[in-house]
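Okay, so here's the structure we're looking at.
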Amino acid sequence: MSGNEAGGSPDGPIKRGLRSTVGRESTTFGFSILVTANFGLLNAMEGSPGIAHIFLFAIGAVLSFTLLEGLLSCGFRRPMPQHHTHVQAVGTSMNILSVVGGLGCAWLAATWIAHSVVWSVAPFLAAVVYLVFESLETALGERLLKAAEDPEADDVSP
């Protein structure tokens, strides 16, 4: 039975694969852009980093996700619900706001902190701002779809 007969997508396998990848990976893609731009920003403002600075940077960027995942999952004991991909697509299509917001936060941190610790603080703060903005964008996507009377707009997987 073909995808069409089973109620699936009439798209070919390449288009289905592209839609699946883009729908699932847009938050990761935006974060990758933020981290890369953040590193370049710090390099431009603070000079070429040493090995310790690079490790500090990586720790700061990752720690934000770790802390927020631990907090939002009640100590990693509760599942993290996910919106349907069409809701995520609307929200993450505004990814430029979360990337620029996070990068602006990193710039402020680098402007205010004149110490090696900025190599961990800036990516940490940038990632937190990115995740908060990304969440607001997804919430806005949910509201827009709900206003368009999408019955699945506020459904999430457990």
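By convention in this document, the chains of the structure tokens carry letters A, B, ... by their order, each chain's residues are numbered from 1, and ligands are numbered from 1 in the order they are shown.
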When DSSP works through the backbone of this structure, what residues of chain A end up as helix (DSSP H, G or I), shown as a PyMOL selection string?
-> chain A and resi 13-46+51-72+85-92+95-112+118-147
All residues 10 Å or closer to segment 96-108 of chain A, only C-alpha atoms, same chain fewer than 2 positions away omitted, as a VMD selection string = chain A and resid 27 30 to 39 41 to 42 45 92 to 94 110 to 113 118 to 119 121 to 137
Take the residues from that selection and write them out as a tab-separated table (two decimals), in the first residue's frame, keeping N, CA and C atoms.
chain	number	residue	atom	x	y	z
A	27	THR	N	15.51	23.91	15.32
A	27	THR	CA	16.03	24.47	16.56
A	27	THR	C	17.52	24.20	16.69
A	30	GLY	N	19.42	26.52	14.28
A	30	GLY	CA	19.51	27.88	14.82
A	30	GLY	C	20.53	27.97	15.93
A	31	PHE	N	20.56	26.96	16.81
A	31	PHE	CA	21.52	26.97	17.90
A	31	PHE	C	22.95	26.85	17.37
A	32	SER	N	23.14	26.04	16.34
A	32	SER	CA	24.47	25.90	15.74
A	32	SER	C	24.94	27.24	15.17
A	33	ILE	N	24.03	27.95	14.52
A	33	ILE	CA	24.38	29.26	13.98
A	33	ILE	C	24.74	30.21	15.12
A	34	LEU	N	23.94	30.20	16.19
A	34	LEU	CA	24.20	31.07	17.34
A	34	LEU	C	25.57	30.79	17.94
A	35	VAL	N	25.88	29.52	18.17
A	35	VAL	CA	27.15	29.18	18.81
A	35	VAL	C	28.32	29.59	17.92
A	36	THR	N	28.21	29.35	16.63
A	36	THR	CA	29.29	29.73	15.71
A	36	THR	C	29.48	31.24	15.69
A	37	ALA	N	28.39	31.97	15.57
A	37	ALA	CA	28.48	33.44	15.55
A	37	ALA	C	28.97	33.97	16.89
A	38	ASN	N	28.54	33.35	17.98
A	38	ASN	CA	28.97	33.75	19.31
A	38	ASN	C	30.49	33.57	19.45
A	39	PHE	N	31.03	32.46	18.97
A	39	PHE	CA	32.47	32.24	19.04
A	39	PHE	C	33.21	33.30	18.22
A	41	LEU	N	32.14	36.29	17.49
A	41	LEU	CA	31.99	37.57	18.19
A	41	LEU	C	33.01	37.70	19.32
A	42	LEU	N	33.12	36.66	20.13
A	42	LEU	CA	34.09	36.70	21.22
A	42	LEU	C	35.52	36.78	20.70
A	45	MET	N	36.06	40.35	19.75
A	45	MET	CA	36.09	41.29	20.87
A	45	MET	C	37.21	41.00	21.87
A	92	THR	N	9.61	28.11	14.70
A	92	THR	CA	11.02	28.20	14.37
A	92	THR	C	11.28	28.94	13.06
A	93	SER	N	10.24	29.25	12.33
A	93	SER	CA	10.45	30.09	11.14
A	93	SER	C	10.84	31.51	11.56
A	94	MET	N	10.64	31.81	12.83
A	94	MET	CA	11.04	33.11	13.37
A	94	MET	C	12.40	33.01	14.07
A	110	ALA	N	30.11	40.27	26.68
A	110	ALA	CA	31.50	40.55	26.31
A	110	ALA	C	31.84	42.02	26.51
A	111	THR	N	30.86	42.89	26.40
A	111	THR	CA	31.08	44.32	26.63
A	111	THR	C	31.24	44.62	28.12
A	112	TRP	N	30.48	43.94	28.95
A	112	TRP	CA	30.48	44.22	30.39
A	112	TRP	C	31.53	43.43	31.18
A	113	ILE	N	31.90	42.25	30.68
A	113	ILE	CA	32.83	41.39	31.44
A	113	ILE	C	34.19	41.40	30.76
A	118	VAL	N	34.34	35.41	30.58
A	118	VAL	CA	33.37	35.75	29.54
A	118	VAL	C	33.26	34.62	28.50
A	119	TRP	N	34.32	33.83	28.35
A	119	TRP	CA	34.30	32.73	27.38
A	119	TRP	C	33.32	31.63	27.78
A	121	VAL	N	30.61	32.54	30.24
A	121	VAL	CA	29.38	33.27	30.58
A	121	VAL	C	28.62	33.67	29.31
A	122	ALA	N	29.31	34.20	28.32
A	122	ALA	CA	28.63	34.67	27.11
A	122	ALA	C	27.87	33.56	26.38
A	123	PRO	N	28.48	32.39	26.13
A	123	PRO	CA	27.71	31.35	25.45
A	123	PRO	C	26.59	30.79	26.32
A	124	PHE	N	26.80	30.76	27.64
A	124	PHE	CA	25.75	30.30	28.55
A	124	PHE	C	24.54	31.23	28.46
A	125	LEU	N	24.77	32.52	28.64
A	125	LEU	CA	23.67	33.49	28.58
A	125	LEU	C	23.03	33.53	27.20
A	126	ALA	N	23.85	33.47	26.16
A	126	ALA	CA	23.31	33.48	24.79
A	126	ALA	C	22.39	32.28	24.56
A	127	ALA	N	22.80	31.12	25.04
A	127	ALA	CA	21.98	29.91	24.85
A	127	ALA	C	20.70	29.98	25.65
A	128	VAL	N	20.76	30.53	26.87
A	128	VAL	CA	19.53	30.68	27.67
A	128	VAL	C	18.56	31.62	26.96
A	129	VAL	N	19.06	32.75	26.50
A	129	VAL	CA	18.21	33.70	25.77
A	129	VAL	C	17.65	33.04	24.52
A	130	TYR	N	18.50	32.32	23.79
A	130	TYR	CA	18.05	31.61	22.58
A	130	TYR	C	16.91	30.65	22.91
A	131	LEU	N	17.06	29.85	23.96
A	131	LEU	CA	16.03	28.87	24.32
A	131	LEU	C	14.74	29.55	24.78
A	132	VAL	N	14.85	30.63	25.52
A	132	VAL	CA	13.65	31.36	25.95
A	132	VAL	C	12.94	31.97	24.74
A	133	PHE	N	13.70	32.63	23.87
A	133	PHE	CA	13.10	33.22	22.67
A	133	PHE	C	12.49	32.14	21.77
A	134	GLU	N	13.20	31.03	21.62
A	134	GLU	CA	12.69	29.92	20.80
A	134	GLU	C	11.38	29.39	21.37
A	135	SER	N	11.29	29.33	22.69
A	135	SER	CA	10.05	28.90	23.34
A	135	SER	C	8.92	29.90	23.10
A	136	LEU	N	9.24	31.18	23.17
A	136	LEU	CA	8.23	32.21	22.89
A	136	LEU	C	7.79	32.14	21.42
A	137	GLU	N	8.72	31.88	20.52
A	137	GLU	CA	8.37	31.75	19.10
A	137	GLU	C	7.45	30.55	18.87
Nearest to Ile51 of chain A: which of A:Gly75, A:Arg16, A:Ser116, A:Phe65 is it, counting only C-alpha atoms?
->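 Closest residue, counting only C-alpha atoms: A:Ser116.
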From the list A:Phe55, A:Arg78, A:His83, A:Gln88, the nearest residue to Glu25 of chain A using only C-alpha atoms is A:Gln88
Looking at only C-alpha atoms, which of A:Ile14, A:Ala58, A:Leu63, A:Val156 is the one that sits closest to Pro79 of chain A?
->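 Among the listed residues, the smallest separation from Pro79 of chain A belongs to A:Val156.
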If you run DSSP on the backbone, which residues of chain A are strand (DSSP E), as a VMD selection string?
-> chain A and resid 82 to 83 156 to 157
Please produce an output containing N, CA, C and O atoms for each residue in the selection, written as a PDB file, in the first residue's frame.
ATOM      1  N   GLN A  82       6.611  17.449  23.265  1.00  0.00           N
ATOM      2  CA  GLN A  82       6.985  18.048  21.990  1.00  0.00           C
ATOM      3  C   GLN A  82       5.733  18.451  21.225  1.00  0.00           C
ATOM      4  O   GLN A  82       4.766  17.690  21.165  1.00  0.00           O
ATOM      5  N   HIS A  83       5.758  19.629  20.625  1.00  0.00           N
ATOM      6  CA  HIS A  83       4.676  20.043  19.741  1.00  0.00           C
ATOM      7  C   HIS A  83       4.748  19.251  18.444  1.00  0.00           C
ATOM      8  O   HIS A  83       5.797  18.717  18.089  1.00  0.00           O
ATOM      9  N   VAL A 156       0.523  18.256  22.361  1.00  0.00           N
ATOM     10  CA  VAL A 156       1.925  17.920  22.511  1.00  0.00           C
ATOM     11  C   VAL A 156       2.034  16.418  22.791  1.00  0.00           C
ATOM     12  O   VAL A 156       1.110  15.814  23.342  1.00  0.00           O
ATOM     13  N   SER A 157       3.143  15.833  22.385  1.00  0.00           N
ATOM     14  CA  SER A 157       3.372  14.431  22.715  1.00  0.00           C
ATOM     15  C   SER A 157       3.852  14.373  24.151  1.00  0.00           C
ATOM     16  O   SER A 157       4.509  15.289  24.632  1.00  0.00           O
TER      17      SER A 157
END
Taking only C-alpha atoms into account, which of A:Asn43, A:Thr21, A:Thr138, A:Ser64 comes nearest Gly91 of chain A?
-> A:Thr138
For Ala153 of chain A, the nearest of the candidates A:Thr66, A:Thr85, A:Thr28, A:Ser73, counting only C-alpha atoms |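 Going through A:Thr66, A:Thr85, A:Thr28, A:Ser73 one by one, the smallest distance to Ala153 of chain A is for A:Thr85.
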